[in-house]
>>> print(open('data.txt').read())   # compact mmCIF, C-alpha atoms
# COMPACT_ATOMS: atom_id res chain seq x y z
CA MET A 252 0.00 0.00 0.00
CA THR A 253 1.24 3.49 -0.87
CA ASP A 254 2.27 5.66 2.06
CA ALA A 255 -0.01 8.70 1.65
CA SER A 256 2.28 10.82 3.82
CA ALA A 257 5.07 10.37 1.24
CA LEU A 258 2.92 11.53 -1.68
CA PRO A 259 2.87 15.21 -2.68
CA ARG A 260 0.05 17.24 -1.17
CA VAL A 261 -1.80 18.88 -4.06
CA LEU A 262 -3.80 22.11 -4.20
CA VAL A 263 -6.13 22.07 -7.21
CA THR A 264 -7.76 25.33 -8.26
CA GLY A 265 -11.00 24.88 -10.17
CA SER A 266 -11.63 21.57 -8.41
CA ALA A 267 -15.40 21.75 -8.95
CA GLY A 268 -14.90 22.37 -12.65
CA PHE A 269 -14.96 19.72 -15.37
CA ILE A 270 -11.22 18.99 -15.56
CA GLY A 271 -10.52 19.91 -11.93
CA TYR A 272 -13.08 17.39 -10.70
CA HIS A 273 -11.64 14.56 -12.76
CA LEU A 274 -8.05 15.40 -11.77
CA SER A 275 -8.93 15.66 -8.07
CA ARG A 276 -10.72 12.33 -8.19
CA LEU A 277 -7.73 10.64 -9.87
CA LEU A 278 -5.26 12.10 -7.36
CA LEU A 279 -7.43 10.98 -4.47
CA GLU A 280 -7.61 7.48 -5.96
CA ARG A 281 -3.80 7.49 -6.11
CA GLY A 282 -3.64 8.36 -2.41
CA HIS A 283 -2.79 12.08 -2.50
CA ALA A 284 -4.20 14.60 -0.05
CA VAL A 285 -6.06 17.12 -2.22
CA HIS A 286 -7.36 20.56 -1.33
CA GLY A 287 -9.78 22.08 -3.80
CA PHE A 288 -10.30 25.78 -4.45
CA ASP A 289 -13.23 26.99 -6.54
CA GLY A 290 -15.36 30.12 -6.87
CA MET A 291 -18.51 28.11 -7.80
CA THR A 292 -19.36 30.88 -10.27
CA SER A 293 -22.52 30.96 -12.37
CA TYR A 294 -20.84 30.94 -15.80
CA TYR A 295 -22.69 27.63 -16.20
CA ASP A 296 -25.02 25.49 -14.07
CA VAL A 297 -23.83 25.74 -10.45
CA ALA A 298 -25.77 22.55 -9.61
CA LEU A 299 -23.35 20.61 -11.79
CA LYS A 300 -20.36 22.08 -9.92
CA THR A 301 -22.04 21.43 -6.57
CA ARG A 302 -22.63 17.77 -7.42
CA ARG A 303 -19.01 17.28 -8.51
CA ASN A 304 -17.86 18.90 -5.27
CA GLN A 305 -20.14 16.68 -3.20
CA MET A 306 -18.69 13.55 -4.80
CA LEU A 307 -15.12 14.67 -4.06
CA HIS A 308 -16.07 15.25 -0.41
CA GLN A 309 -16.92 11.54 -0.14
CA ASN A 310 -13.16 10.90 0.00
CA PRO A 311 -11.61 11.75 3.40
CA GLY A 312 -8.44 12.93 1.67
CA PHE A 313 -10.29 15.89 0.15
CA SER A 314 -10.77 19.34 1.68
CA PHE A 315 -12.13 22.48 0.07
CA THR A 316 -12.21 26.28 0.10
CA GLU A 317 -14.76 28.32 -1.80
CA GLY A 318 -13.15 31.54 -3.00
CA MET A 319 -12.33 33.70 -5.99
CA LEU A 320 -8.93 33.80 -7.64
CA GLU A 321 -9.07 37.59 -7.69
CA ASP A 322 -9.10 37.62 -3.86
CA ALA A 323 -5.36 37.49 -3.16
CA GLY A 324 -5.85 37.18 0.59
CA THR A 325 -8.07 34.10 0.32
CA VAL A 326 -5.76 32.44 -2.21
CA MET A 327 -2.73 33.00 0.05
CA ALA A 328 -4.50 31.99 3.26
CA THR A 329 -5.76 28.77 1.64
CA ALA A 330 -2.28 27.85 0.41
CA GLU A 331 -0.66 28.67 3.75
CA ALA A 332 -3.18 26.57 5.68
CA PHE A 333 -2.88 23.50 3.42
CA ARG A 334 0.88 23.75 2.69
CA PRO A 335 0.82 22.01 -0.71
CA ASP A 336 3.86 20.45 -2.33
CA VAL A 337 2.30 20.93 -5.77
CA ILE A 338 -0.23 23.44 -7.07
CA VAL A 339 -2.26 22.56 -10.16
CA HIS A 340 -3.89 25.74 -11.39
CA LEU A 341 -6.93 24.92 -13.53
CA ALA A 342 -9.38 27.61 -12.42
CA ALA A 343 -10.06 30.24 -15.06
CA GLN A 344 -12.74 32.10 -16.89
CA ALA A 345 -13.28 29.55 -19.63
CA GLY A 346 -14.91 29.72 -23.04
CA VAL A 347 -13.55 31.12 -26.28
CA ARG A 348 -16.85 32.56 -27.47
CA TYR A 349 -17.83 34.18 -24.17
CA SER A 350 -14.58 36.16 -24.30
CA LEU A 351 -16.10 38.11 -27.21
CA GLU A 352 -18.92 39.27 -24.92
CA ASN A 353 -17.18 39.85 -21.60
CA PRO A 354 -13.41 40.25 -22.06
CA ARG A 355 -12.90 41.97 -18.71
CA ALA A 356 -13.82 38.77 -16.86
CA TYR A 357 -10.87 37.04 -18.54
CA ILE A 358 -8.39 39.70 -17.47
CA GLU A 359 -9.59 39.62 -13.88
CA SER A 360 -9.69 35.84 -13.50
CA ASN A 361 -7.03 34.58 -15.90
CA VAL A 362 -4.39 37.28 -15.45
CA ILE A 363 -4.91 38.78 -11.99
CA GLY A 364 -6.12 35.47 -10.54
CA THR A 365 -3.18 33.57 -11.97
CA PHE A 366 -0.78 36.17 -10.60
CA ASN A 367 -2.24 35.55 -7.13
CA VAL A 368 -1.70 31.79 -7.51
CA MET A 369 1.90 32.30 -8.65
CA GLU A 370 2.58 34.58 -5.68
CA ALA A 371 1.28 31.90 -3.32
CA ALA A 372 3.47 29.28 -5.02
CA ARG A 373 6.51 31.56 -4.74
CA GLU A 374 5.90 32.42 -1.08
CA LEU A 375 5.50 28.76 -0.12
CA GLY A 376 8.31 27.49 -2.35
CA VAL A 377 6.24 24.64 -3.79
CA ARG A 378 8.05 21.80 -5.58
CA HIS A 379 6.08 22.23 -8.79
CA LEU A 380 3.56 24.77 -10.10
CA MET A 381 1.46 23.34 -12.92
CA MET A 382 -0.87 25.63 -14.87
CA ALA A 383 -3.42 25.15 -17.63
CA SER A 384 -2.95 26.81 -20.98
CA THR A 385 -4.79 25.98 -24.21
CA SER A 386 -4.30 24.96 -27.82
CA SER A 387 -5.89 28.31 -28.66
CA VAL A 388 -2.50 29.98 -28.06
CA TYR A 389 -1.37 28.56 -31.41
CA GLY A 390 -3.86 30.99 -32.94
CA ALA A 391 -3.40 31.51 -36.66
CA ASN A 392 -0.64 28.89 -36.98
CA GLU A 393 -1.35 26.60 -39.91
CA ASP A 394 1.50 24.08 -39.78
CA MET A 395 0.26 20.96 -37.98
CA PRO A 396 0.50 19.02 -35.80
CA PHE A 397 1.23 21.86 -33.37
CA ALA A 398 4.49 21.40 -31.46
CA GLU A 399 5.38 23.17 -28.22
CA THR A 400 8.47 24.64 -29.87
CA ASP A 401 6.39 26.34 -32.59
CA LYS A 402 6.09 30.11 -32.42
CA ALA A 403 2.76 31.08 -30.83
CA ASP A 404 2.29 34.83 -31.23
CA THR A 405 -0.94 35.11 -33.21
CA GLN A 406 -3.73 34.55 -30.67
CA LEU A 407 -7.21 35.29 -32.06
CA THR A 408 -9.25 35.85 -28.87
CA ILE A 409 -8.85 37.52 -25.49
CA TYR A 410 -9.20 34.07 -23.90
CA ALA A 411 -6.21 32.78 -25.84
CA ALA A 412 -4.27 35.99 -25.19
CA THR A 413 -4.75 35.66 -21.42
CA LYS A 414 -3.50 32.07 -21.53
CA LYS A 415 -0.40 33.10 -23.50
CA ALA A 416 0.11 35.84 -20.91
CA ASN A 417 -0.01 33.14 -18.21
CA GLU A 418 2.73 31.24 -20.00
CA SER A 419 4.92 34.35 -20.12
CA MET A 420 4.20 35.14 -16.46
CA GLY A 421 5.02 31.57 -15.49
CA HIS A 422 8.34 31.71 -17.34
CA SER A 423 9.34 34.94 -15.61
CA TYR A 424 8.57 33.47 -12.16
CA ALA A 425 10.51 30.33 -13.02
CA HIS A 426 13.51 32.41 -14.08
CA LEU A 427 13.41 34.96 -11.26
CA TRP A 428 12.62 32.67 -8.34
CA GLY A 429 13.73 29.22 -9.51
CA LEU A 430 10.11 28.07 -9.25
CA PRO A 431 9.58 24.93 -11.39
CA VAL A 432 6.65 25.60 -13.73
CA THR A 433 4.93 23.33 -16.24
CA MET A 434 2.27 24.74 -18.55
CA PHE A 435 0.02 22.27 -20.35
CA ARG A 436 -1.85 23.14 -23.53
CA PHE A 437 -5.21 21.34 -23.70
CA PHE A 438 -6.84 20.25 -26.96
CA THR A 439 -10.71 20.13 -27.02
CA VAL A 440 -11.35 18.16 -23.84
CA TYR A 441 -14.62 16.20 -23.56
CA GLY A 442 -16.20 13.50 -21.43
CA PRO A 443 -18.68 12.82 -18.60
CA TRP A 444 -19.42 15.75 -16.27
CA GLY A 445 -18.44 18.12 -19.09
CA ARG A 446 -19.29 21.79 -19.40
CA PRO A 447 -22.73 22.69 -20.85
CA ASP A 448 -21.17 25.38 -23.06
CA MET A 449 -19.01 22.89 -24.97
CA ALA A 450 -19.92 21.36 -28.32
CA LEU A 451 -20.49 17.74 -27.25
CA PHE A 452 -22.83 18.74 -24.42
CA LYS A 453 -24.81 21.12 -26.63
CA PHE A 454 -24.95 18.71 -29.57
CA CYS A 455 -26.07 15.78 -27.42
CA ASP A 456 -28.78 17.84 -25.73
CA ALA A 457 -30.05 19.21 -29.05
CA ILE A 458 -30.19 15.78 -30.70
CA LEU A 459 -32.10 14.24 -27.79
CA GLU A 460 -34.49 17.22 -27.70
CA GLY A 461 -34.99 17.24 -31.47
CA ARG A 462 -33.52 20.74 -31.87
CA PRO A 463 -31.16 21.86 -34.66
CA LEU A 464 -27.39 21.85 -34.13
CA ASP A 465 -25.45 24.99 -35.05
CA ILE A 466 -22.48 23.66 -37.03
CA TYR A 467 -19.95 26.37 -37.82
CA ASN A 468 -17.96 26.68 -41.07
CA ARG A 469 -20.48 24.23 -42.56
CA GLY A 470 -18.74 21.42 -40.69
CA GLU A 471 -15.37 21.96 -42.39
CA MET A 472 -13.56 22.00 -39.06
CA TYR A 473 -11.16 19.61 -37.37
CA ARG A 474 -10.43 19.17 -33.69
CA ASP A 475 -8.05 17.05 -31.63
CA PHE A 476 -10.71 15.67 -29.27
CA THR A 477 -9.09 14.61 -25.98
CA TYR A 478 -10.95 12.36 -23.55
CA VAL A 479 -10.89 13.80 -20.03
CA ASP A 480 -9.52 10.67 -18.32
CA ASP A 481 -6.56 10.67 -20.71
CA LEU A 482 -5.99 14.36 -20.05
CA VAL A 483 -5.93 14.17 -16.26
CA THR A 484 -3.71 11.08 -16.35
CA GLY A 485 -1.26 13.16 -18.36
CA ILE A 486 -1.38 15.96 -15.79
CA ALA A 487 -0.94 13.59 -12.86
CA ASP A 488 2.01 11.87 -14.55
CA LEU A 489 3.64 15.21 -15.45
CA MET A 490 3.57 16.13 -11.76
CA HIS A 491 6.70 14.03 -11.35
CA ALA A 492 8.42 15.42 -14.47
CA ILE A 493 9.64 18.53 -12.68
CA PRO A 494 11.50 20.84 -15.07
CA GLU A 495 15.08 21.77 -14.19
CA ARG A 496 17.03 24.67 -15.62
CA PRO A 497 19.82 23.17 -17.77
CA ALA A 498 23.18 24.04 -16.21
CA ASP A 499 24.79 24.64 -19.59
CA GLY A 500 21.72 26.16 -21.23
CA ALA A 501 21.50 23.24 -23.68
CA VAL A 502 17.97 21.96 -24.33
CA PRO A 503 17.35 18.50 -25.87
CA GLU A 504 15.89 18.58 -29.37
CA GLY A 505 12.09 18.63 -29.32
CA ASP A 506 11.93 19.73 -25.67
CA SER A 507 10.24 23.03 -24.81
CA LEU A 508 12.36 23.38 -21.66
CA SER A 509 13.63 26.94 -21.24
CA PRO A 510 17.41 27.40 -21.42
CA VAL A 511 17.21 30.00 -18.64
CA ALA A 512 14.51 28.69 -16.28
CA PRO A 513 12.95 25.51 -14.84
CA PHE A 514 10.01 25.99 -17.20
CA ARG A 515 8.35 23.79 -19.80
CA VAL A 516 5.23 23.77 -22.01
CA VAL A 517 3.58 20.42 -22.82
CA ASN A 518 0.75 19.59 -25.23
CA ILE A 519 -1.88 17.16 -23.95
CA GLY A 520 -4.01 16.00 -26.86
CA ASN A 521 -5.12 12.85 -28.61
CA SER A 522 -2.70 13.50 -31.52
CA GLN A 523 -5.46 12.82 -34.04
CA LYS A 524 -7.53 15.43 -35.86
CA VAL A 525 -11.20 14.52 -36.30
CA LYS A 526 -13.62 16.21 -38.67
CA LEU A 527 -16.48 17.89 -36.83
CA LEU A 528 -19.10 16.08 -38.95
CA ASP A 529 -17.55 12.74 -38.01
CA PHE A 530 -17.87 13.75 -34.37
CA VAL A 531 -21.54 14.61 -34.93
CA GLU A 532 -22.06 11.19 -36.54
CA ALA A 533 -20.54 9.55 -33.46
CA ILE A 534 -23.10 11.37 -31.29
CA GLU A 535 -25.91 10.26 -33.62
CA GLU A 536 -24.72 6.66 -33.34
CA ALA A 537 -24.45 6.83 -29.53
CA THR A 538 -27.88 8.42 -29.09
CA GLY A 539 -29.63 6.48 -31.83
CA ARG A 540 -31.03 9.76 -33.15
CA GLU A 541 -30.41 11.77 -36.31
CA ALA A 542 -29.27 15.37 -35.93
CA ILE A 543 -31.02 18.33 -37.50
CA ARG A 544 -28.05 20.25 -38.92
CA ASN A 545 -27.99 24.03 -39.13
CA TYR A 546 -24.88 24.87 -41.14
CA MET A 547 -23.38 28.28 -40.34
CA GLU A 548 -20.41 30.38 -41.36
CA MET A 549 -17.18 30.48 -39.34
CA GLN A 550 -17.50 32.37 -36.06
CA LYS A 551 -15.20 35.26 -35.23
CA GLY A 552 -12.05 34.16 -33.38
CA ASP A 553 -12.45 30.48 -34.26
CA VAL A 554 -9.91 28.33 -36.11
CA THR A 555 -10.52 25.64 -38.71
CA ALA A 556 -8.30 23.00 -37.14
CA THR A 557 -6.27 21.94 -34.09
CA TRP A 558 -3.97 18.95 -33.89
CA ALA A 559 -1.38 18.17 -31.21
CA ASP A 560 2.11 16.78 -31.49
CA THR A 561 2.29 14.80 -28.23
CA SER A 562 5.79 13.34 -28.60
CA LEU A 563 7.10 15.46 -25.71
CA LEU A 564 4.35 14.18 -23.41
CA GLN A 565 5.27 10.63 -24.38
CA THR A 566 8.96 11.30 -23.73
CA LEU A 567 8.24 12.75 -20.28
CA THR A 568 5.59 10.28 -19.08
CA GLY A 569 5.96 7.21 -21.28
CA ALA A 570 2.34 7.41 -22.44
CA ILE A 571 0.02 9.42 -24.67
CA PRO A 572 -3.79 9.82 -24.67
CA ALA A 573 -5.37 7.09 -26.77
CA THR A 574 -9.15 6.92 -26.19
CA ASP A 575 -10.93 6.81 -29.57
CA TYR A 576 -13.44 9.62 -29.93
CA ARG A 577 -16.29 7.19 -30.72
CA GLU A 578 -15.75 5.36 -27.43
CA GLY A 579 -15.41 8.66 -25.55
CA VAL A 580 -18.65 9.95 -27.04
CA ARG A 581 -20.47 6.73 -26.05
CA ARG A 582 -19.32 7.18 -22.46
CA PHE A 583 -20.43 10.81 -22.42
CA VAL A 584 -23.87 10.04 -23.85
CA ALA A 585 -24.38 7.26 -21.29
CA TRP A 586 -23.52 9.70 -18.48
CA PHE A 587 -25.67 12.49 -19.96
CA ARG A 588 -28.75 10.30 -20.28
CA ASP A 589 -28.33 8.94 -16.77
CA TYR A 590 -27.71 12.35 -15.16
CA TYR A 591 -30.50 14.20 -16.97
CA GLY A 592 -32.89 11.27 -17.38
CA LYS A 593 -33.14 11.63 -21.17
>>> encode(input="data.txt", output="structure tokens")
Amino acid sequence: MTDASALPRVLVTGSAGFIGYHLSRLLLERGHAVHGFDGMTSYYDVALKTRRNQMLHQNPGFSFTEGMLEDAGTVMATAEAFRPDVIVHLAAQAGVRYSLENPRAYIESNVIGTFNVMEAARELGVRHLMMASTSSVYGANEDMPFAETDKADTQLTIYAATKKANESMGHSYAHLWGLPVTMFRFFTVYGPWGRPDMALFKFCDAILEGRPLDIYNRGEMYRDFTYVDDLVTGIADLMHAIPERPADGAVPEGDSLSPVAPFRVVNIGNSQKVKLLDFVEAIEEATGREAIRNYMEMQKGDVTATWADTSLLQTLTGAIPATDYREGVRRFVAWFRDYYGK
């Protein structure tokens, strides 16, 4: 049996969120003490967040603070009380499209809030600060699959811009304070307990209700759909791949490690691009219903394709996400029908 006292204590921000819930559950299953931090905001159904939080509380290794990232005092007090070895910062104002309507929320949560988390990590001298970024930072890049060493200076939304800012902030803290920082870029995460504002959730609901699906760019879009269990396994495994500043400044080929800081960026994706219409067909198959398709033009700030090069993740952890999107969709639909009784 694993000695829980020897495992890193982990503070997870956004623990009641989609990814934060799944990561916290996995860490608890592995024997870690986990402290969650979440604002329980109303960006989407709070009942969903509350239920996730309730399930995490069934494990005695879990504790929780409700608070906002923008409240520096609460963030610091929570970290000081729990004394984590590792902080996994997942909390953020999410949603690419919502950033067109309310950009200020992204600055306050994703920039100011992340600064507060980094300050807490610096003050406590944690072993490893791990923070969520996004494939959206690749922006207008067209060469695929996207590699961490590619230039990423053409973000198309405020959401993506705030995440790129987080990467730059993280690098500066790693350089100035010797704080080991890993940023992970997520690629279209989906699965049970997902967010209602994401495509799979909306498509599944519309198909089961007999409503039309809004399909942008007439379906000529490709995404690297990443099943949530694969994603959080990658995060948990990367916890032990703590970046170290190379003494001679030499970085191995293909590694995004900084030559001047203990800092690294890692893609976590399924390394397979799937056409949106094929994804819709997988939902139709899983639900046994045919979709009513409302084809639309490309939406402002969106990109036609994302596709991850995950060779660095494989090098660091020995594994890469591998759940086929059809199987992942079946699991989501089964959860959705059970949870909502449809």
>>> residues_around(input="data.txt", residues="segment 337-352 of chain A", least_positions_apart="3", cutoff="9 Å", atoms="all atoms listed in the file", output="number ranges by chain")
A: 259-266, 268, 270-271, 288-290, 294, 320, 330, 355-361, 364-365, 368, 372, 377-384, 387, 408-411, 448-449, 486, 490, 550-553
>>> write_last_selection(input="data.txt", atoms="C-alpha atoms", output="compact mmCIF listing (two decimals), in the coordinates of the input")
# COMPACT_ATOMS: atom_id res chain seq x y z
CA PRO A 259 2.87 15.21 -2.68
CA ARG A 260 0.05 17.24 -1.17
CA VAL A 261 -1.80 18.88 -4.06
CA LEU A 262 -3.80 22.11 -4.20
CA VAL A 263 -6.13 22.07 -7.21
CA THR A 264 -7.76 25.33 -8.26
CA GLY A 265 -11.00 24.88 -10.17
CA SER A 266 -11.63 21.57 -8.41
CA GLY A 268 -14.90 22.37 -12.65
CA ILE A 270 -11.22 18.99 -15.56
CA GLY A 271 -10.52 19.91 -11.93
CA PHE A 288 -10.30 25.78 -4.45
CA ASP A 289 -13.23 26.99 -6.54
CA GLY A 290 -15.36 30.12 -6.87
CA TYR A 294 -20.84 30.94 -15.80
CA LEU A 320 -8.93 33.80 -7.64
CA ALA A 330 -2.28 27.85 0.41
CA ARG A 355 -12.90 41.97 -18.71
CA ALA A 356 -13.82 38.77 -16.86
CA TYR A 357 -10.87 37.04 -18.54
CA ILE A 358 -8.39 39.70 -17.47
CA GLU A 359 -9.59 39.62 -13.88
CA SER A 360 -9.69 35.84 -13.50
CA ASN A 361 -7.03 34.58 -15.90
CA GLY A 364 -6.12 35.47 -10.54
CA THR A 365 -3.18 33.57 -11.97
CA VAL A 368 -1.70 31.79 -7.51
CA ALA A 372 3.47 29.28 -5.02
CA VAL A 377 6.24 24.64 -3.79
CA ARG A 378 8.05 21.80 -5.58
CA HIS A 379 6.08 22.23 -8.79
CA LEU A 380 3.56 24.77 -10.10
CA MET A 381 1.46 23.34 -12.92
CA MET A 382 -0.87 25.63 -14.87
CA ALA A 383 -3.42 25.15 -17.63
CA SER A 384 -2.95 26.81 -20.98
CA SER A 387 -5.89 28.31 -28.66
CA THR A 408 -9.25 35.85 -28.87
CA ILE A 409 -8.85 37.52 -25.49
CA TYR A 410 -9.20 34.07 -23.90
CA ALA A 411 -6.21 32.78 -25.84
CA ASP A 448 -21.17 25.38 -23.06
CA MET A 449 -19.01 22.89 -24.97
CA ILE A 486 -1.38 15.96 -15.79
CA MET A 490 3.57 16.13 -11.76
CA GLN A 550 -17.50 32.37 -36.06
CA LYS A 551 -15.20 35.26 -35.23
CA GLY A 552 -12.05 34.16 -33.38
CA ASP A 553 -12.45 30.48 -34.26
>>> residues_around(input="data.txt", residues="Cys455 of chain A", least_positions_apart="6", cutoff="9 Å", atoms="only C-alpha atoms", output="PyMOL selection string")
chain A and resi 531+534-535+538+584+587
>>> residues_around(input="data.txt", residues="segment 558-560 of chain A", least_positions_apart="4", cutoff="10 Å", atoms="all atoms listed in the file", output="PyMOL selection string")
chain A and resi 386+394-399+436-439+473-477+517-525+564-565
>>> write_last_selection(input="data.txt", atoms="C-alpha atoms", output="compact mmCIF listing (two decimals), keeping the file's coordinate frame")
# COMPACT_ATOMS: atom_id res chain seq x y z
CA SER A 386 -4.30 24.96 -27.82
CA ASP A 394 1.50 24.08 -39.78
CA MET A 395 0.26 20.96 -37.98
CA PRO A 396 0.50 19.02 -35.80
CA PHE A 397 1.23 21.86 -33.37
CA ALA A 398 4.49 21.40 -31.46
CA GLU A 399 5.38 23.17 -28.22
CA ARG A 436 -1.85 23.14 -23.53
CA PHE A 437 -5.21 21.34 -23.70
CA PHE A 438 -6.84 20.25 -26.96
CA THR A 439 -10.71 20.13 -27.02
CA TYR A 473 -11.16 19.61 -37.37
CA ARG A 474 -10.43 19.17 -33.69
CA ASP A 475 -8.05 17.05 -31.63
CA PHE A 476 -10.71 15.67 -29.27
CA THR A 477 -9.09 14.61 -25.98
CA VAL A 517 3.58 20.42 -22.82
CA ASN A 518 0.75 19.59 -25.23
CA ILE A 519 -1.88 17.16 -23.95
CA GLY A 520 -4.01 16.00 -26.86
CA ASN A 521 -5.12 12.85 -28.61
CA SER A 522 -2.70 13.50 -31.52
CA GLN A 523 -5.46 12.82 -34.04
CA LYS A 524 -7.53 15.43 -35.86
CA VAL A 525 -11.20 14.52 -36.30
CA LEU A 564 4.35 14.18 -23.41
CA GLN A 565 5.27 10.63 -24.38
>>> closest_residue(input="data.txt", among="A:Met369, A:Val483, A:Asp322, A:Gly461", to="Ser423 of chain A", atoms="all atoms listed in the file")
A:Met369
>>> atom_distance(input="data.txt", atom1="atom CA of Leu258 of chain A", atom2="atom CA of Gly569 of chain A")
20.3 Å
>>> atom_distance(input="data.txt", atom1="atom CA of Pro443 of chain A", atom2="atom CA of Thr301 of chain A")
15.2 Å
>>> closest_residue(input="data.txt", among="A:Tyr424, A:Gly579, A:Val516, A:Phe452", to="Ala403 of chain A", atoms="all atoms listed in the file")
A:Val516
>>> closest_residue(input="data.txt", among="A:Leu407, A:Glu280, A:Ile363, A:His286", to="Glu321 of chain A", atoms="all atoms listed in the file")
A:Ile363
>>> atom_distance(input="data.txt", atom1="atom CA of Trp444 of chain A", atom2="atom CA of Tyr591 of chain A")
11.2 Å
>>> residues_around(input="data.txt", residues="Arg462 of chain A", least_positions_apart="5", cutoff="9 Å", atoms="all atoms listed in the file", output="short mmCIF file (atom, residue, chain, number, x, y, z; two decimals) with C-alpha atoms, keeping the file's coordinate frame")
data_model
loop_
_atom_site.label_atom_id
_atom_site.label_comp_id
_atom_site.auth_asym_id
_atom_site.auth_seq_id
_atom_site.Cartn_x
_atom_site.Cartn_y
_atom_site.Cartn_z
CA ASP A 456 -28.78 17.84 -25.73
CA ALA A 457 -30.05 19.21 -29.05
CA ALA A 542 -29.27 15.37 -35.93
CA ILE A 543 -31.02 18.33 -37.50
CA ARG A 544 -28.05 20.25 -38.92
#
>>> residues_around(input="data.txt", residues="Leu375 of chain A", least_positions_apart="4", cutoff="10 Å", atoms="only C-alpha atoms", output="ChimeraX atom specification")
/A:327,330-331,334-336,369-371
>>> write_last_selection(input="data.txt", atoms="C-alpha atoms", output="PDB file, in the frame of the given file")
ATOM      1  CA  MET A 327      -2.730  33.000   0.050  1.00  0.00           C
ATOM      2  CA  ALA A 330      -2.280  27.850   0.410  1.00  0.00           C
ATOM      3  CA  GLU A 331      -0.660  28.670   3.750  1.00  0.00           C
ATOM      4  CA  ARG A 334       0.880  23.750   2.690  1.00  0.00           C
ATOM      5  CA  PRO A 335       0.820  22.010  -0.710  1.00  0.00           C
ATOM      6  CA  ASP A 336       3.860  20.450  -2.330  1.00  0.00           C
ATOM      7  CA  MET A 369       1.900  32.300  -8.650  1.00  0.00           C
ATOM      8  CA  GLU A 370       2.580  34.580  -5.680  1.00  0.00           C
ATOM      9  CA  ALA A 371       1.280  31.900  -3.320  1.00  0.00           C
TER      10      ALA A 371
END
>>> closest_residue(input="data.txt", among="A:Tyr441, A:Ala487, A:Arg540, A:Gly390", to="Phe269 of chain A", atoms="all atoms listed in the file")
A:Tyr441
>>> closest_residue(input="data.txt", among="A:Asp480, A:Asp589, A:Asp401, A:Asp506", to="Pro494 of chain A", atoms="all atoms listed in the file")
A:Asp506
>>> axis_aligned_box(input="data.txt", around="segment 378-390 of chain A", padding_each_side="5 Å", output="lines of an AutoDock Vina configuration file")
center_x = 1.1
center_y = 26.4
center_z = -19.3
size_x = 23.9
size_y = 19.2
size_z = 37.4
>>> build_atoms(input="data.txt", residues="segment 413-426 of chain A", atoms="N, CA and C atoms", output="tab-separated table (two decimals), keeping the file's coordinate frame")
chain	number	residue	atom	x	y	z
A	413	THR	N	-5.00	35.74	-22.86
A	413	THR	CA	-4.75	35.66	-21.42
A	413	THR	C	-3.97	34.39	-21.08
A	414	LYS	N	-4.23	33.31	-21.79
A	414	LYS	CA	-3.50	32.07	-21.53
A	414	LYS	C	-2.04	32.19	-21.97
A	415	LYS	N	-1.80	32.87	-23.08
A	415	LYS	CA	-0.40	33.10	-23.50
A	415	LYS	C	0.29	34.01	-22.49
A	416	ALA	N	-0.45	34.99	-21.96
A	416	ALA	CA	0.11	35.84	-20.91
A	416	ALA	C	0.49	35.00	-19.68
A	417	ASN	N	-0.33	34.02	-19.34
A	417	ASN	CA	-0.01	33.14	-18.21
A	417	ASN	C	1.28	32.39	-18.45
A	418	GLU	N	1.49	31.94	-19.69
A	418	GLU	CA	2.73	31.24	-20.00
A	418	GLU	C	3.94	32.16	-19.80
A	419	SER	N	3.82	33.40	-20.27
A	419	SER	CA	4.92	34.35	-20.12
A	419	SER	C	5.16	34.69	-18.65
A	420	MET	N	4.08	34.86	-17.89
A	420	MET	CA	4.20	35.14	-16.46
A	420	MET	C	4.87	33.97	-15.74
A	421	GLY	N	4.44	32.75	-16.11
A	421	GLY	CA	5.02	31.57	-15.49
A	421	GLY	C	6.51	31.45	-15.77
A	422	HIS	N	6.92	31.78	-17.00
A	422	HIS	CA	8.34	31.71	-17.34
A	422	HIS	C	9.14	32.72	-16.52
A	423	SER	N	8.60	33.91	-16.37
A	423	SER	CA	9.34	34.94	-15.61
A	423	SER	C	9.50	34.52	-14.15
A	424	TYR	N	8.47	33.93	-13.55
A	424	TYR	CA	8.57	33.47	-12.16
A	424	TYR	C	9.56	32.31	-12.04
A	425	ALA	N	9.55	31.44	-13.04
A	425	ALA	CA	10.51	30.33	-13.02
A	425	ALA	C	11.95	30.85	-13.09
A	426	HIS	N	12.17	31.85	-13.93
A	426	HIS	CA	13.51	32.41	-14.08
A	426	HIS	C	13.94	33.20	-12.85
